[in-house]
$ cat run.cif   # mmCIF, C-alpha atoms and all ligand atoms
data_input
#
loop_
_atom_site.label_atom_id
_atom_site.label_comp_id
_atom_site.auth_asym_id
_atom_site.auth_seq_id
_atom_site.Cartn_x
_atom_site.Cartn_y
_atom_site.Cartn_z
CA MET A 1 -7.11 14.39 -6.78
CA SER A 2 -10.32 14.14 -8.76
CA TYR A 3 -13.01 11.55 -8.15
CA TRP A 4 -11.99 9.85 -11.39
CA THR A 5 -8.30 9.61 -10.46
CA ASP A 6 -9.35 8.27 -7.11
CA ARG A 7 -11.60 5.71 -8.77
CA GLN A 8 -8.75 4.51 -10.99
CA GLU A 9 -6.55 4.11 -7.96
CA GLN A 10 -9.26 1.96 -6.36
CA LEU A 11 -9.42 -0.13 -9.51
CA LYS A 12 -5.68 -0.71 -9.39
CA LYS A 13 -5.88 -1.75 -5.76
CA THR A 14 -8.63 -4.27 -6.52
CA ALA A 15 -6.61 -5.54 -9.45
CA GLU A 16 -3.56 -6.03 -7.28
CA LYS A 17 -5.53 -7.94 -4.68
CA ASP A 18 -6.95 -10.31 -7.29
CA GLU A 19 -3.54 -10.53 -8.88
CA THR A 20 -2.02 -11.80 -5.65
CA LYS A 21 -4.62 -14.55 -5.45
CA LEU A 22 -4.13 -15.46 -9.08
CA LYS A 23 -0.37 -15.64 -8.67
CA ARG A 24 -0.77 -17.99 -5.73
CA ARG A 25 -3.01 -20.30 -7.77
CA LEU A 26 -0.54 -20.33 -10.64
CA SER A 27 2.41 -20.82 -8.37
CA ASP A 28 0.78 -23.87 -6.73
CA PHE A 29 -0.03 -25.29 -10.13
CA TYR A 30 3.54 -24.85 -11.36
CA ASP A 31 4.86 -26.64 -8.26
CA LYS A 32 2.43 -29.51 -8.80
CA GLU A 33 3.46 -29.85 -12.42
CA PHE A 34 7.13 -29.92 -11.51
CA LYS A 35 6.52 -32.67 -8.96
CA ARG A 36 5.03 -34.79 -11.70
CA LEU A 37 8.05 -34.21 -13.91
CA GLU A 38 10.36 -34.95 -11.01
CA LYS A 39 8.67 -38.32 -10.51
CA GLU A 40 9.16 -39.20 -14.14
CA ILE A 41 12.83 -38.35 -13.97
CA ALA A 42 13.18 -40.40 -10.79
CA ALA A 43 11.62 -43.37 -12.57
CA TYR A 44 14.18 -42.99 -15.35
CA TYR A 45 17.05 -43.08 -12.90
CA GLN A 46 15.55 -46.16 -11.29
CA GLN A 47 14.95 -47.95 -14.58
CA TYR A 48 17.97 -46.97 -16.64
CA GLY A 49 20.47 -45.72 -14.11
CA GLU A 50 23.40 -47.30 -12.39
CA ASP A 51 24.95 -45.76 -9.29
CA ASN A 52 22.68 -42.72 -9.61
CA VAL A 53 23.91 -41.94 -13.13
CA ILE A 54 22.32 -42.72 -16.48
CA SER A 55 24.73 -43.29 -19.32
CA TYR A 56 23.94 -41.13 -22.28
CA ARG A 57 24.09 -44.10 -24.64
CA ASN A 58 21.41 -45.83 -22.63
CA LEU A 59 19.10 -42.89 -23.28
CA LEU A 60 19.48 -43.20 -27.03
CA GLN A 61 17.64 -46.49 -27.08
CA SER A 62 14.06 -46.65 -28.22
CA LEU A 63 11.35 -45.38 -25.86
CA SER A 64 9.53 -48.30 -24.24
CA ASP A 65 6.02 -49.19 -25.44
CA GLU A 66 4.65 -48.38 -22.03
CA ASP A 67 6.21 -44.92 -21.93
CA ARG A 68 5.04 -44.27 -25.46
CA ARG A 69 1.50 -45.26 -24.52
CA LEU A 70 1.57 -42.97 -21.47
CA LEU A 71 2.82 -40.07 -23.53
CA MET A 72 0.05 -40.48 -26.10
CA GLU A 73 -2.53 -40.78 -23.37
CA ARG A 74 -1.32 -37.57 -21.89
CA MET A 75 -1.51 -35.78 -25.24
CA ASP A 76 -5.08 -37.00 -25.74
CA GLU A 77 -6.07 -35.77 -22.31
CA PHE A 78 -4.54 -32.41 -23.01
CA VAL A 79 -6.37 -31.99 -26.32
CA ALA A 80 -9.65 -32.99 -24.68
CA LYS A 81 -9.11 -30.33 -22.01
CA TYR A 82 -7.81 -27.60 -24.32
CA PRO A 83 -9.15 -28.29 -27.83
CA GLN A 84 -8.04 -24.80 -28.90
CA TYR A 85 -4.43 -25.95 -28.42
CA SER A 86 -4.71 -29.20 -30.36
CA ASN A 87 -2.60 -27.79 -33.19
CA LEU A 88 0.31 -27.41 -30.78
CA MET A 89 0.63 -31.14 -30.19
CA PRO A 90 3.44 -33.02 -31.90
CA VAL A 91 2.37 -35.26 -34.78
CA ARG A 92 1.54 -38.83 -33.80
CA GLU A 93 4.02 -40.42 -36.17
CA SER A 94 6.93 -38.67 -34.50
CA ILE A 95 6.11 -40.43 -31.22
CA TYR A 96 6.95 -43.83 -32.70
CA LYS A 97 10.51 -42.80 -33.45
CA LEU A 98 11.40 -41.35 -30.06
CA ASP A 99 14.32 -42.52 -28.00
CA ARG A 100 14.26 -42.45 -24.20
CA LEU A 101 15.76 -39.00 -23.90
CA GLN A 102 13.37 -37.55 -26.45
CA GLY A 103 10.49 -39.25 -24.64
CA LEU A 104 11.41 -37.38 -21.47
CA GLN A 105 11.82 -34.17 -23.45
CA TYR A 106 8.31 -34.60 -24.83
CA SER A 107 7.13 -34.88 -21.25
CA VAL A 108 8.78 -31.56 -20.49
CA TYR A 109 7.02 -30.11 -23.52
CA MET A 110 3.69 -31.48 -22.29
CA THR A 111 4.30 -30.05 -18.84
CA GLU A 112 4.83 -26.62 -20.34
CA ALA A 113 1.74 -27.09 -22.51
CA GLU A 114 -0.32 -27.80 -19.37
CA ILE A 115 1.13 -24.68 -17.84
CA ALA A 116 0.18 -22.63 -20.89
CA GLY A 117 -3.36 -24.01 -20.84
CA PHE A 118 -3.91 -23.39 -17.16
CA THR A 119 -2.28 -19.94 -17.13
CA ASN A 120 -4.34 -18.91 -20.11
CA GLU A 121 -7.58 -20.06 -18.54
CA GLN A 122 -6.86 -18.36 -15.22
CA MET A 123 -5.72 -15.14 -16.82
CA THR A 124 -8.79 -14.91 -19.02
CA GLU A 125 -10.99 -15.19 -15.98
CA TYR A 126 -9.05 -12.56 -14.05
CA LEU A 127 -8.92 -10.09 -16.93
CA THR A 128 -12.61 -10.49 -17.76
CA LYS A 129 -13.50 -9.59 -14.19
CA LEU A 130 -11.12 -6.64 -14.31
CA SER A 131 -12.58 -5.43 -17.58
CA GLN A 132 -16.10 -5.55 -16.18
CA LYS A 133 -15.04 -3.57 -13.16
CA GLY A 134 -13.16 -1.02 -15.25
CA ILE A 135 -15.96 -0.34 -17.67
CA ASN A 136 -18.50 -0.11 -14.86
CA TYR A 137 -16.34 2.39 -12.95
CA GLY A 138 -16.39 4.53 -16.09
CA MET A 139 -20.13 4.09 -16.58
CA GLU A 140 -20.77 4.99 -12.96
CA THR A 141 -18.76 8.19 -13.25
CA LEU A 142 -20.91 9.17 -16.22
CA GLY A 143 -24.11 8.52 -14.30
CA PHE A 144 -25.18 5.03 -15.33
CA GLY A 145 -25.26 3.32 -11.97
CA LYS A 146 -22.86 0.92 -10.38
CA ASN A 147 -23.21 -2.33 -12.32
CA PHE A 148 -24.24 -1.40 -15.80
CA TYR A 149 -22.55 -4.27 -17.67
CA SER A 150 -22.65 -7.90 -16.62
CA ILE A 151 -19.60 -10.14 -16.78
CA ASN A 152 -21.06 -11.92 -19.82
CA SER A 153 -21.53 -8.76 -21.83
CA ASP A 154 -19.72 -8.65 -25.17
CA VAL A 155 -18.62 -5.12 -24.34
CA VAL A 156 -16.74 -6.48 -21.35
CA LYS A 157 -15.08 -9.30 -23.31
CA GLN A 158 -13.86 -7.17 -26.17
CA PHE A 159 -10.65 -6.16 -24.35
CA VAL A 160 -9.64 -9.60 -23.16
CA ASP A 161 -7.08 -11.53 -25.19
CA VAL A 162 -6.91 -9.13 -28.11
CA HIS A 163 -3.62 -8.22 -29.68
CA TRP A 164 -2.56 -4.63 -29.08
CA LEU A 165 1.14 -4.80 -29.89
CA ASN A 166 3.14 -6.95 -32.31
CA GLU A 167 0.02 -8.80 -33.45
CA GLU A 168 0.20 -11.06 -30.42
CA ASN A 169 -2.57 -11.64 -27.92
CA PHE A 170 -1.75 -12.99 -24.49
CA SER A 171 -2.72 -16.57 -25.36
CA THR A 172 -0.05 -16.53 -28.05
CA ARG A 173 2.44 -14.87 -25.73
CA ILE A 174 1.88 -17.45 -23.01
CA TRP A 175 2.33 -20.21 -25.54
CA ASN A 176 5.51 -18.70 -27.00
CA ASP A 177 6.98 -18.18 -23.53
CA THR A 178 6.27 -21.72 -22.38
CA LYS A 179 7.52 -23.25 -25.60
CA LYS A 180 10.76 -21.33 -25.33
CA LEU A 181 11.16 -22.45 -21.74
CA ALA A 182 10.54 -26.08 -22.74
CA GLN A 183 13.42 -25.79 -25.19
CA TYR A 184 15.76 -24.46 -22.51
CA LEU A 185 14.71 -27.12 -20.03
CA ASN A 186 15.25 -29.83 -22.60
CA GLN A 187 18.70 -28.57 -23.28
CA ASP A 188 19.43 -28.55 -19.53
CA LEU A 189 18.15 -32.10 -19.39
CA ALA A 190 20.29 -33.36 -22.27
CA GLN A 191 23.40 -31.57 -21.01
CA GLY A 192 22.86 -32.90 -17.50
CA PHE A 193 22.64 -36.46 -18.74
CA ALA A 194 25.64 -35.96 -21.01
CA ARG A 195 27.65 -34.68 -18.03
CA GLY A 196 26.56 -37.65 -16.00
CA ASP A 197 24.72 -35.55 -13.41
CA SER A 198 23.24 -37.32 -10.42
CA TYR A 199 19.46 -37.29 -9.98
CA ASP A 200 19.64 -34.60 -7.32
CA LYS A 201 21.83 -32.31 -9.34
CA LEU A 202 19.79 -32.70 -12.50
CA VAL A 203 16.48 -32.03 -10.76
CA ARG A 204 17.88 -29.09 -8.81
CA ASN A 205 19.03 -27.40 -12.00
CA LEU A 206 15.74 -27.97 -13.76
CA ARG A 207 13.69 -26.83 -10.80
CA GLN A 208 15.59 -23.59 -10.59
CA ARG A 209 14.93 -22.55 -14.15
CA PHE A 210 11.42 -23.98 -14.19
CA GLY A 211 10.32 -22.17 -11.05
CA ARG A 212 11.93 -18.87 -11.89
CA VAL A 213 11.04 -18.50 -15.57
CA ASN A 214 7.46 -19.80 -15.47
CA ARG A 215 6.62 -17.37 -12.70
CA LYS A 216 8.50 -14.44 -14.13
CA ASP A 217 6.83 -14.80 -17.54
CA ALA A 218 3.34 -15.24 -16.14
CA TYR A 219 3.54 -12.47 -13.54
CA ARG A 220 4.85 -9.93 -16.02
CA LEU A 221 2.10 -10.78 -18.47
CA ILE A 222 -0.62 -10.59 -15.83
CA TYR A 223 0.54 -7.18 -14.68
CA THR A 224 0.98 -5.64 -18.12
CA GLU A 225 -2.18 -7.12 -19.65
CA GLY A 226 -4.01 -5.94 -16.52
CA THR A 227 -2.90 -2.39 -17.26
CA PHE A 228 -4.04 -2.73 -20.86
CA VAL A 229 -7.47 -4.01 -19.81
CA MET A 230 -7.87 -1.33 -17.14
CA ALA A 231 -6.93 1.52 -19.48
CA GLU A 232 -9.11 0.33 -22.36
CA SER A 233 -12.15 -0.73 -20.37
CA THR A 234 -12.30 2.48 -18.33
CA MET A 235 -11.96 4.55 -21.50
CA GLN A 236 -14.83 2.79 -23.24
CA PRO A 237 -17.71 4.81 -21.71
CA PHE A 238 -15.93 8.15 -22.27
CA LYS A 239 -15.56 7.78 -26.01
CA GLU A 240 -18.97 9.21 -26.72
CA ASP A 241 -18.85 12.56 -24.93
CA PHE A 242 -15.13 13.33 -24.86
CA THR A 243 -12.34 13.64 -27.40
CA LYS A 244 -9.04 14.16 -25.55
CA TYR A 245 -6.99 12.58 -22.79
CA ARG A 246 -3.59 12.70 -21.24
CA THR A 247 -1.82 9.91 -19.42
CA SER A 248 -1.76 10.08 -15.67
CA PRO A 249 0.93 8.06 -13.92
CA VAL A 250 1.21 7.99 -10.18
CA LEU A 251 4.17 10.27 -9.64
CA ASP A 252 6.54 8.81 -7.13
CA GLY A 253 10.14 7.64 -7.01
CA LYS A 254 9.21 4.51 -8.97
CA THR A 255 7.69 6.28 -11.96
CA CYS A 256 9.81 5.56 -15.01
CA SER A 257 10.96 8.25 -17.44
CA ILE A 258 8.75 6.93 -20.28
CA CYS A 259 5.58 7.46 -18.25
CA ARG A 260 6.85 10.65 -16.65
CA ASN A 261 7.54 12.31 -20.01
CA MET A 262 4.43 11.07 -21.77
CA ARG A 263 2.09 12.81 -19.36
CA HIS A 264 2.79 16.27 -20.80
CA GLU A 265 1.18 15.42 -24.14
CA VAL A 266 -2.52 15.60 -24.96
CA PHE A 267 -3.90 12.97 -27.35
CA GLU A 268 -7.10 12.30 -29.25
CA ILE A 269 -9.08 9.43 -27.75
CA SER A 270 -9.76 8.11 -31.24
CA GLU A 271 -6.01 8.01 -31.96
CA ARG A 272 -4.94 6.18 -28.82
CA GLN A 273 -2.58 3.27 -29.36
CA PRO A 274 -1.56 1.09 -26.41
CA GLY A 275 2.20 0.90 -26.14
CA VAL A 276 2.61 4.13 -28.11
CA ASN A 277 0.50 6.92 -26.63
CA PHE A 278 -1.78 4.96 -24.30
CA PRO A 279 -0.96 2.59 -21.41
CA PRO A 280 0.74 0.22 -21.04
CA PHE A 281 3.96 1.72 -22.40
CA HIS A 282 6.35 -1.02 -21.32
CA PRO A 283 6.36 -4.34 -19.44
CA TRP A 284 5.37 -3.80 -15.81
CA CYS A 285 3.71 -0.47 -16.67
CA ARG A 286 0.79 0.71 -14.55
CA ASP A 287 -0.01 4.05 -16.10
CA SER A 288 -3.56 5.36 -16.41
CA TRP A 289 -5.24 8.34 -18.06
CA GLU A 290 -7.46 11.36 -17.47
CA ILE A 291 -9.87 13.30 -19.62
CA VAL A 292 -8.78 16.65 -21.04
CA VAL A 293 -11.35 19.31 -21.82
CA ASP A 294 -10.09 22.67 -23.10
CA ASP A 295 -13.29 24.57 -22.47
CA TRP A 296 -15.66 23.10 -19.91
CA ASP A 297 -18.41 25.68 -20.54
CA ALA A 298 -18.53 24.70 -24.19
CA TRP A 299 -18.47 21.03 -23.22
CA ILE A 300 -21.43 21.49 -20.86
CA ASP A 301 -23.43 23.29 -23.56
CA GLU A 302 -22.70 20.47 -25.98
CA TYR A 303 -23.60 17.79 -23.44
CA VAL A 304 -26.92 19.43 -22.64
CA ARG A 305 -27.72 19.85 -26.32
CA LYS A 306 -26.89 16.22 -27.04
CA HIS A 307 -28.56 14.64 -24.05
CA GLY A 308 -31.77 16.51 -23.66
CA GLY A 309 -31.61 20.11 -24.77
CA ASN A 310 -34.56 19.37 -26.99
CA PRO A 311 -36.44 16.30 -25.73
CA ASN A 312 -38.58 16.19 -28.88
CA ALA A 313 -35.67 16.10 -31.30
CA ALA A 314 -34.76 12.44 -31.58
CA SER A 315 -35.87 9.31 -29.80
CA ASP A 316 -32.36 8.09 -29.05
CA VAL A 317 -31.17 11.06 -27.04
CA GLN A 318 -31.36 10.76 -23.30
CA LYS A 319 -34.16 12.69 -21.69
CA PRO A 320 -33.50 14.66 -18.52
CA SER A 321 -35.36 12.19 -16.36
CA GLU A 322 -33.12 9.37 -17.55
CA VAL A 323 -29.90 10.82 -16.29
CA ARG A 324 -29.53 9.14 -12.95
CA TRP A 325 -26.80 9.07 -10.34
CA ASN A 326 -26.81 6.01 -8.24
CA LYS A 327 -24.84 6.03 -5.06
CA ILE A 328 -22.07 8.26 -6.31
CA GLN A 329 -20.20 9.51 -3.33
CA PRO A 330 -17.41 11.85 -4.21
CA LYS A 331 -14.99 12.29 -1.38
CA ASN A 332 -15.34 16.01 -1.27
CA ARG A 333 -18.18 18.43 -1.07
CA LEU A 334 -20.29 18.66 -4.21
CA PRO A 335 -20.59 21.99 -5.98
CA SER A 336 -23.87 23.60 -5.01
CA ALA A 337 -25.08 23.66 -8.61
CA VAL A 338 -25.37 19.90 -8.64
CA GLY A 339 -27.85 19.32 -5.86
CA ALA A 340 -28.53 16.11 -3.99
CA VAL A 341 -26.74 12.96 -5.02
CA GLY A 342 -28.70 9.78 -5.57
CA THR A 343 -31.59 11.62 -7.09
CA VAL A 344 -32.62 12.39 -10.64
CA LEU A 345 -30.72 15.36 -11.96
CA THR A 346 -31.40 17.73 -14.77
CA VAL A 347 -29.12 17.27 -17.75
CA LEU A 348 -27.36 20.46 -16.83
CA GLY A 349 -26.87 19.19 -13.29
CA ALA A 350 -25.51 15.92 -14.67
CA ALA A 351 -23.06 17.77 -16.89
CA GLU A 352 -21.88 19.88 -13.96
CA LEU A 353 -21.44 16.77 -11.86
CA ILE A 354 -19.43 14.98 -14.56
CA LYS A 355 -17.20 18.02 -14.87
CA TYR A 356 -16.70 17.99 -11.13
CA LEU A 357 -15.99 14.24 -10.96
CA LEU A 358 -13.40 14.48 -13.70
CA GLY A 359 -11.60 17.27 -11.92
CA GLY A 360 -12.87 20.05 -14.19
CA ASP A 361 -13.17 22.39 -11.23
CA GLU A 362 -9.54 22.04 -10.30
CA GLU A 363 -8.19 24.04 -13.20
ZN ZN B 1 6.43 3.56 -16.81
#

$ encode --input "run.cif" --output "structure tokens"
Amino acid sequence: MSYWTDRQEQLKKTAEKDETKLKRRLSDFYDKEFKRLEKEIAAYYQQYGEDNVISYRNLLQSLSDEDRRLLMERMDEFVAKYPQYSNLMPVRESIYKLDRLQGLQYSVYMTEAEIAGFTNEQMTEYLTKLSQKGINYGMETLGFGKNFYSINSDVVKQFVDVHWLNEENFSTRIWNDTKKLAQYLNQDLAQGFARGDSYDKLVRNLRQRFGRVNRKDAYRLIYTEGTFVMAESTMQPFKEDFTKYRTSPVLDGKTCSICRNMRHEVFEISERQPGVNFPPFHPWCRDSWEIVVDDWDAWIDEYVRKHGGNPNAASDVQKPSEVRWNKIQPKNRLPSAVGAVGTVLTVLGAAELIKYLLGGDEE
């Protein structure tokens, strides 16, 4: 296993740790939101019910002024919190025509909107951190020190919430998922009332779908977007000095046939396309990649020429004294050509070290 493969494995482990924490935060939030909905439904049963059943006809009466006011208040609060989602709110005029059932269904819609807003916010934060880590792991392997880019760097943000398949970014996907779920829940609600379900039965049914689908949608998105961000951000620093890669799945019993078969092909970095020839290939994919160099001797010559073969040539090429290796600690013994780690290397030494770290000596 090369240093680079090892580094990617570390990145995945960090991602999974943060992912667990994120999932817990989301899960708690979803529970809290359902409790609120549950209370509203309980109030309906109290107000409009008789013997723990609400007659369907009763629900077709106009929404009370008080409930209408509360609903509008809630929409205003939501827009204040998530102005970017203001276009997703129902038009005001429609609120005046709602009956009691529709009023409750709008509450379900608002609950799912809150979930979309919160999930989106939390995921952005998680993926930005992951992107920073990924790009810095790449930078470090190429000799730029451990924390080259800050979390606020535009380079770091460029991979977060961009669309890479089907013209959809994750904000849109979260919104589409939650909206779809709201529709299902509202159908459950209407059918439950029509059947004359008791409060307990109605809430139990809703809770089941609510808990399962919200989590399933969010967790899948977190995992798959995480793979996208890791693959793209780690590749970023390599684009300058390399041209080819192959995918590099962990090969165990769980590796799927898509990832297993893709790894035999070599692709141009400039032609990589997530979902097609670059990870992620499918939902729940955690594939990664490795650099391919056909002729390392030629690569080293080119690197030296580009980064300091002639220090007087151009002002923007790196001079030998600027190639630094900070705290790189490959697991194994370094090739003798490289010299001491943590010191300033010659450009040739740097090239040899990069080759070594990328597994160029293994072939
Ligand atoms: Zn796979």

$ atom_distance --input "run.cif" --atom1 "CA of Ser288 (chain A)" --atom2 "CA of Ser248 (chain A)"
5.1 Å

$ closest_residue --input "run.cif" --among "A:Asp99, A:Asp241, A:Glu125, A:Glu290" --to "Asp18 (chain A)" --atoms "all atoms listed in the file"
A:Glu125

$ residues_around --input "run.cif" --residues "Ala42 (chain A)" --least-positions-apart "3" --cutoff "12 Å" --atoms "only C-alpha atoms" --output "PyMOL selection string"
chain A and resi 35-39+45-49+52-54+104+198-203

$ residues_near_ligand --input "run.cif" --ligand "ligand ZN 1 (chain B)" --cutoff "9 Å" --atoms "only C-alpha atoms and all ligand atoms" --output "PDB file with C-alpha atoms, in the frame of the given file"
ATOM      1  CA  PRO A 249       0.930   8.060 -13.920  1.00  0.00           C
ATOM      2  CA  LYS A 254       9.210   4.510  -8.970  1.00  0.00           C
ATOM      3  CA  THR A 255       7.690   6.280 -11.960  1.00  0.00           C
ATOM      4  CA  CYS A 256       9.810   5.560 -15.010  1.00  0.00           C
ATOM      5  CA  SER A 257      10.960   8.250 -17.440  1.00  0.00           C
ATOM      6  CA  ILE A 258       8.750   6.930 -20.280  1.00  0.00           C
ATOM      7  CA  CYS A 259       5.580   7.460 -18.250  1.00  0.00           C
ATOM      8  CA  ARG A 260       6.850  10.650 -16.650  1.00  0.00           C
ATOM      9  CA  PRO A 279      -0.960   2.590 -21.410  1.00  0.00           C
ATOM     10  CA  PRO A 280       0.740   0.220 -21.040  1.00  0.00           C
ATOM     11  CA  PHE A 281       3.960   1.720 -22.400  1.00  0.00           C
ATOM     12  CA  HIS A 282       6.350  -1.020 -21.320  1.00  0.00           C
ATOM     13  CA  PRO A 283       6.360  -4.340 -19.440  1.00  0.00           C
ATOM     14  CA  TRP A 284       5.370  -3.800 -15.810  1.00  0.00           C
ATOM     15  CA  CYS A 285       3.710  -0.470 -16.670  1.00  0.00           C
ATOM     16  CA  ARG A 286       0.790   0.710 -14.550  1.00  0.00           C
ATOM     17  CA  ASP A 287      -0.010   4.050 -16.100  1.00  0.00           C
TER      18      ASP A 287
END

$ closest_residue --input "run.cif" --among "A:Lys12, A:Asp361, A:Gln273, A:Tyr56" --to "Gly196 (chain A)" --atoms "only C-alpha atoms"
A:Tyr56

$ atom_distance --input "run.cif" --atom1 "CA of Ser55 (chain A)" --atom2 "CA of Lys180 (chain A)"
26.7 Å

$ atom_distance --input "run.cif" --atom1 "CA of Thr119 (chain A)" --atom2 "CA of Pro83 (chain A)"
15.2 Å

$ residues_around --input "run.cif" --residues "Tyr149 (chain A)" --least-positions-apart "6" --cutoff "9 Å" --atoms "all atoms listed in the file" --output "ChimeraX atom specification"
/A:132-133,135-136,139,155-156

$ decode --input "run.cif" --residues "region 289-296 of chain A" --atoms "all heavy atoms" --output "PDB file, in the first residue's frame"
ATOM      1  N   TRP A 289      -9.160   6.883  -5.870  1.00  0.00           N
ATOM      2  CA  TRP A 289      -8.378   6.830  -7.107  1.00  0.00           C
ATOM      3  C   TRP A 289      -6.892   6.824  -6.795  1.00  0.00           C
ATOM      4  O   TRP A 289      -6.478   7.142  -5.679  1.00  0.00           O
ATOM      5  CB  TRP A 289      -8.712   8.043  -7.984  1.00  0.00           C
ATOM      6  CG  TRP A 289      -8.458   9.340  -7.263  1.00  0.00           C
ATOM      7  CD1 TRP A 289      -9.357  10.050  -6.519  1.00  0.00           C
ATOM      8  CD2 TRP A 289      -7.215  10.039  -7.155  1.00  0.00           C
ATOM      9  NE1 TRP A 289      -8.762  11.146  -5.970  1.00  0.00           N
ATOM     10  CE2 TRP A 289      -7.452  11.168  -6.348  1.00  0.00           C
ATOM     11  CE3 TRP A 289      -5.937   9.828  -7.666  1.00  0.00           C
ATOM     12  CZ2 TRP A 289      -6.442  12.080  -6.033  1.00  0.00           C
ATOM     13  CZ3 TRP A 289      -4.933  10.740  -7.353  1.00  0.00           C
ATOM     14  CH2 TRP A 289      -5.193  11.853  -6.551  1.00  0.00           C
ATOM     15  N   GLU A 290      -6.079   6.470  -7.790  1.00  0.00           N
ATOM     16  CA  GLU A 290      -4.628   6.608  -7.643  1.00  0.00           C
ATOM     17  C   GLU A 290      -4.029   7.103  -8.954  1.00  0.00           C
ATOM     18  O   GLU A 290      -4.606   6.915 -10.025  1.00  0.00           O
ATOM     19  CB  GLU A 290      -3.997   5.275  -7.207  1.00  0.00           C
ATOM     20  CG  GLU A 290      -4.236   4.139  -8.179  1.00  0.00           C
ATOM     21  CD  GLU A 290      -3.861   2.785  -7.581  1.00  0.00           C
ATOM     22  OE1 GLU A 290      -3.769   2.654  -6.355  1.00  0.00           O
ATOM     23  OE2 GLU A 290      -3.662   1.850  -8.378  1.00  0.00           O
ATOM     24  N   ILE A 291      -2.890   7.746  -8.809  1.00  0.00           N
ATOM     25  CA  ILE A 291      -2.208   8.312  -9.981  1.00  0.00           C
ATOM     26  C   ILE A 291      -1.572   7.196 -10.804  1.00  0.00           C
ATOM     27  O   ILE A 291      -1.045   6.232 -10.263  1.00  0.00           O
ATOM     28  CB  ILE A 291      -1.132   9.317  -9.513  1.00  0.00           C
ATOM     29  CG1 ILE A 291      -1.811  10.607  -9.015  1.00  0.00           C
ATOM     30  CG2 ILE A 291      -0.100   9.607 -10.585  1.00  0.00           C
ATOM     31  CD1 ILE A 291      -2.530  11.406 -10.091  1.00  0.00           C
ATOM     32  N   VAL A 292      -1.619   7.349 -12.126  1.00  0.00           N
ATOM     33  CA  VAL A 292      -0.931   6.404 -13.009  1.00  0.00           C
ATOM     34  C   VAL A 292       0.148   7.173 -13.779  1.00  0.00           C
ATOM     35  O   VAL A 292      -0.132   8.212 -14.372  1.00  0.00           O
ATOM     36  CB  VAL A 292      -1.916   5.767 -14.014  1.00  0.00           C
ATOM     37  CG1 VAL A 292      -1.164   4.896 -15.023  1.00  0.00           C
ATOM     38  CG2 VAL A 292      -2.970   4.944 -13.277  1.00  0.00           C
ATOM     39  N   VAL A 293       1.347   6.660 -13.706  1.00  0.00           N
ATOM     40  CA  VAL A 293       2.441   7.239 -14.491  1.00  0.00           C
ATOM     41  C   VAL A 293       3.078   6.101 -15.282  1.00  0.00           C
ATOM     42  O   VAL A 293       3.515   5.113 -14.699  1.00  0.00           O
ATOM     43  CB  VAL A 293       3.492   7.914 -13.574  1.00  0.00           C
ATOM     44  CG1 VAL A 293       4.685   8.392 -14.379  1.00  0.00           C
ATOM     45  CG2 VAL A 293       2.868   9.060 -12.798  1.00  0.00           C
ATOM     46  N   ASP A 294       3.116   6.225 -16.599  1.00  0.00           N
ATOM     47  CA  ASP A 294       3.657   5.141 -17.430  1.00  0.00           C
ATOM     48  C   ASP A 294       5.168   5.040 -17.275  1.00  0.00           C
ATOM     49  O   ASP A 294       5.731   3.958 -17.212  1.00  0.00           O
ATOM     50  CB  ASP A 294       3.326   5.394 -18.913  1.00  0.00           C
ATOM     51  CG  ASP A 294       1.820   5.380 -19.140  1.00  0.00           C
ATOM     52  OD1 ASP A 294       1.132   4.645 -18.399  1.00  0.00           O
ATOM     53  OD2 ASP A 294       1.339   6.109 -20.026  1.00  0.00           O
ATOM     54  N   ASP A 295       5.811   6.179 -17.232  1.00  0.00           N
ATOM     55  CA  ASP A 295       7.272   6.197 -17.222  1.00  0.00           C
ATOM     56  C   ASP A 295       7.743   7.196 -16.160  1.00  0.00           C
ATOM     57  O   ASP A 295       7.764   8.402 -16.384  1.00  0.00           O
ATOM     58  CB  ASP A 295       7.768   6.624 -18.620  1.00  0.00           C
ATOM     59  CG  ASP A 295       9.290   6.645 -18.702  1.00  0.00           C
ATOM     60  OD1 ASP A 295       9.951   6.593 -17.631  1.00  0.00           O
ATOM     61  OD2 ASP A 295       9.807   6.734 -19.833  1.00  0.00           O
ATOM     62  N   TRP A 296       8.096   6.660 -15.005  1.00  0.00           N
ATOM     63  CA  TRP A 296       8.458   7.543 -13.890  1.00  0.00           C
ATOM     64  C   TRP A 296       9.733   8.336 -14.168  1.00  0.00           C
ATOM     65  O   TRP A 296       9.875   9.476 -13.720  1.00  0.00           O
ATOM     66  CB  TRP A 296       8.601   6.740 -12.593  1.00  0.00           C
ATOM     67  CG  TRP A 296       7.286   6.555 -11.890  1.00  0.00           C
ATOM     68  CD1 TRP A 296       6.527   5.432 -11.857  1.00  0.00           C
ATOM     69  CD2 TRP A 296       6.568   7.544 -11.130  1.00  0.00           C
ATOM     70  NE1 TRP A 296       5.380   5.654 -11.132  1.00  0.00           N
ATOM     71  CE2 TRP A 296       5.375   6.935 -10.672  1.00  0.00           C
ATOM     72  CE3 TRP A 296       6.805   8.879 -10.810  1.00  0.00           C
ATOM     73  CZ2 TRP A 296       4.433   7.626  -9.899  1.00  0.00           C
ATOM     74  CZ3 TRP A 296       5.864   9.552 -10.039  1.00  0.00           C
ATOM     75  CH2 TRP A 296       4.696   8.940  -9.601  1.00  0.00           C
TER      76      TRP A 296
END
